[in-house]
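Taking it in order: structure first as structure tokens, then the write-up.
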Amino acid sequence: MQPDQETVAEQVFTALADPTRRSLLADLAAHGPATATDLATRLPISRQAVGKHLALLADVGLVAAEPGERRRVRYRLRSAPMRTAQQFLAALSRDWDGRLDALTAHLEEEP
Amino acid sequence: MGFPDRIERTVEVARPPARVWAALTTAEGLGTWFGQQATIDLRPGGAGTLSWEEHHTDFRVERIEEPHVFGFTWRIYGLPDDDPRRTYVEFTLEAAGAGTRLTVVETGFAQLGPEQHESSFGGNVKGWAAELDELVAHLAA
């Protein structure tokens with residue numbers, strides 16, 4: 001267990017708990033890298049709020065700013081923190097209880 | 001929050017270990033309770049598949065000590081196909097009266113991924129944009 005993994009997972013789930021940040025991430029996933037202005041145009045979110053949320057998402061590594069002139073900086077998704085969070089979800093969704101119930105039922109229904 | 005690395009369950013089954021072993025290690029058995037269909041090459045390193053209506057998953061046989069220990073590795077659900085991380089599942093069978101005490105342990109959910117050893121930008125700009133760039137370059141060459 002790496003302590004930084006715990007932190008990464010917590011940051012991802014905190015970021016995803018906010019509907020505005022979810023819509024920003026969903027837009028970047030659907031359309032690829034975009035500037036804050038692009039996102040404010042496409043989504044019902046003010047340019048100022050977009051900037052604030054992108055800064056938070058960049059702090060936790062969910063998006064990265066590409067090098068560029070300040071107003072033309074494009075943000076892109078980073079998948080690494082998502083993969084760490086996915087490992088947590090995977091452990092919760094393995095459903096060994098259901099599988100072992102099915103195994104037991106299979107074995108015991110035959111003589 | 002607590003990041004679970006290990007899952008463990010134990011059940012008592014009213015059938016002897018040989019019967020449980022067959023359910024765990026044959027295509028007929030696995031295709032009945034685990035997947036809707038299954039294949040297995042029962043030797044260390046052997047390949048197996050589990051299929052359902054909507055999806056299927058591959059696994060690799062790792063450990064066989066008939067009829068006591070059966071272990072395999074498989075991918076972590078939701079991670080991309082090229083992600084090298086796999087979890088290890090081990091079934092242990094112990095005779096218990098006329099039946100079997102069956103324990104399953106799955107470990108490896110909390111292992112580090114390769115991207116965490118890379119710089120914060122360098123290895124992480126991979127993804128569709130980078131792959132599409134490679135494709136474009138390949139086609140233009």
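In the structure tokens, chains take the letters A, B, ... in the order shown, each chain's residues start at 1, and ligands count up from 1 in the order shown.
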
Problem - Test item: chain B residues at most 6 Å from chain A, counting only C-alpha atoms, as a VMD selection string - result: chain B and resid 33 77 109 to 110 124

How about saving the chosen residues, C-alpha atoms kept, as a JSON list (two decimals), in the first residue's frame?
[["chain", "number", "residue", "atom", "x", "y", "z"],
["B", 33, "TRP", "CA", -20.94, -20.83, -12.38],
["B", 77, "TYR", "CA", -11.43, -4.49, -14.71],
["B", 109, "PHE", "CA", -5.40, -4.07, -6.42],
["B", 110, "ALA", "CA", -3.10, -1.54, -4.79],
["B", 124, "ASN", "CA", 1.03, 10.85, -19.42]]

Exercise for the section: Excluding stretch 93-95 of chain B and residues on its chain fewer than 3 positions from it, collect all residues at most 7 Å away from it, counting only C-alpha atoms, and give them as a PyMOL selection string. Expected result: chain B and resi 16-17+67-69+99-103

Dump as a compact mmCIF listing (two decimals), in the first residue's frame, selection limited to C-alpha atoms:
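This is the output file result_11.txt:
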# COMPACT_ATOMS: atom_id res chain seq x y z
CA PRO B 16 -15.75 -33.17 -1.51
CA PRO B 17 -12.61 -31.31 -2.75
CA PRO B 67 -6.85 -30.75 -5.49
CA HIS B 68 -5.66 -28.13 -2.99
CA VAL B 69 -4.49 -24.94 -4.70
CA GLY B 99 -17.43 -31.29 2.29
CA THR B 100 -14.84 -28.65 1.45
CA ARG B 101 -13.74 -25.41 3.02
CA LEU B 102 -13.00 -23.18 0.03
CA THR B 103 -11.04 -19.94 0.42

Practice task
Could you please write out, as an MDAnalysis selection string, every residue of stretch 11-140 of chain B that DSSP assigns to helix (DSSP H, G or I)?
Solution key: chainID B and resid 17:25 27:33 114:117 122:124 128:140

Fewer than 6 positions away in the same chain doesn't count, so skip those; otherwise give me all residues within 12 Å of A:Asp27, counting only C-alpha atoms, as a tab-separated table (two decimals) with C-alpha atoms, in the first residue's frame.
chain	number	residue	atom	x	y	z
A	20	THR	CA	-19.17	21.19	-12.91
A	21	ARG	CA	-15.81	19.40	-12.83
A	33	PRO	CA	-7.73	19.09	-25.60
A	34	ALA	CA	-9.41	22.48	-25.30
A	35	THR	CA	-8.73	25.99	-24.00
A	36	ALA	CA	-10.64	27.45	-21.06
A	38	ASP	CA	-13.50	26.70	-25.68
A	39	LEU	CA	-14.92	25.04	-22.59
A	40	ALA	CA	-16.73	28.18	-21.40
A	41	THR	CA	-18.28	28.51	-24.86
A	42	ARG	CA	-19.47	24.92	-25.05
A	43	LEU	CA	-20.67	24.49	-21.46
A	44	PRO	CA	-23.05	26.54	-19.29
A	50	VAL	CA	-13.88	27.18	-15.81
A	63	VAL	CA	-5.68	17.59	-16.53
A	75	TYR	CA	-5.86	21.48	-21.30
A	76	ARG	CA	-5.84	17.76	-21.85
A	77	LEU	CA	-6.96	14.80	-19.75

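The spacing separating atom CA of B:Thr49 from atom CA of B:Gly35 amounts to 8.7 Å.
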
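Here the DSSP assignment of strand (DSSP E or B), based on backbone atoms, applies within chain A to A:Ala34, A:Thr35, A:Val63, A:Ala64, A:Ala65, A:Arg74, A:Tyr75, A:Arg76, A:Leu77.
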
Fill in the blank from the handout: Students should find that atom CA of A:Ala30 and atom CA of A:Leu62 are spaced 14.9 Å

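One distance worth recording is that between atom CA of B:Ala27 and atom CA of B:Val13, which is 20.0 Å.
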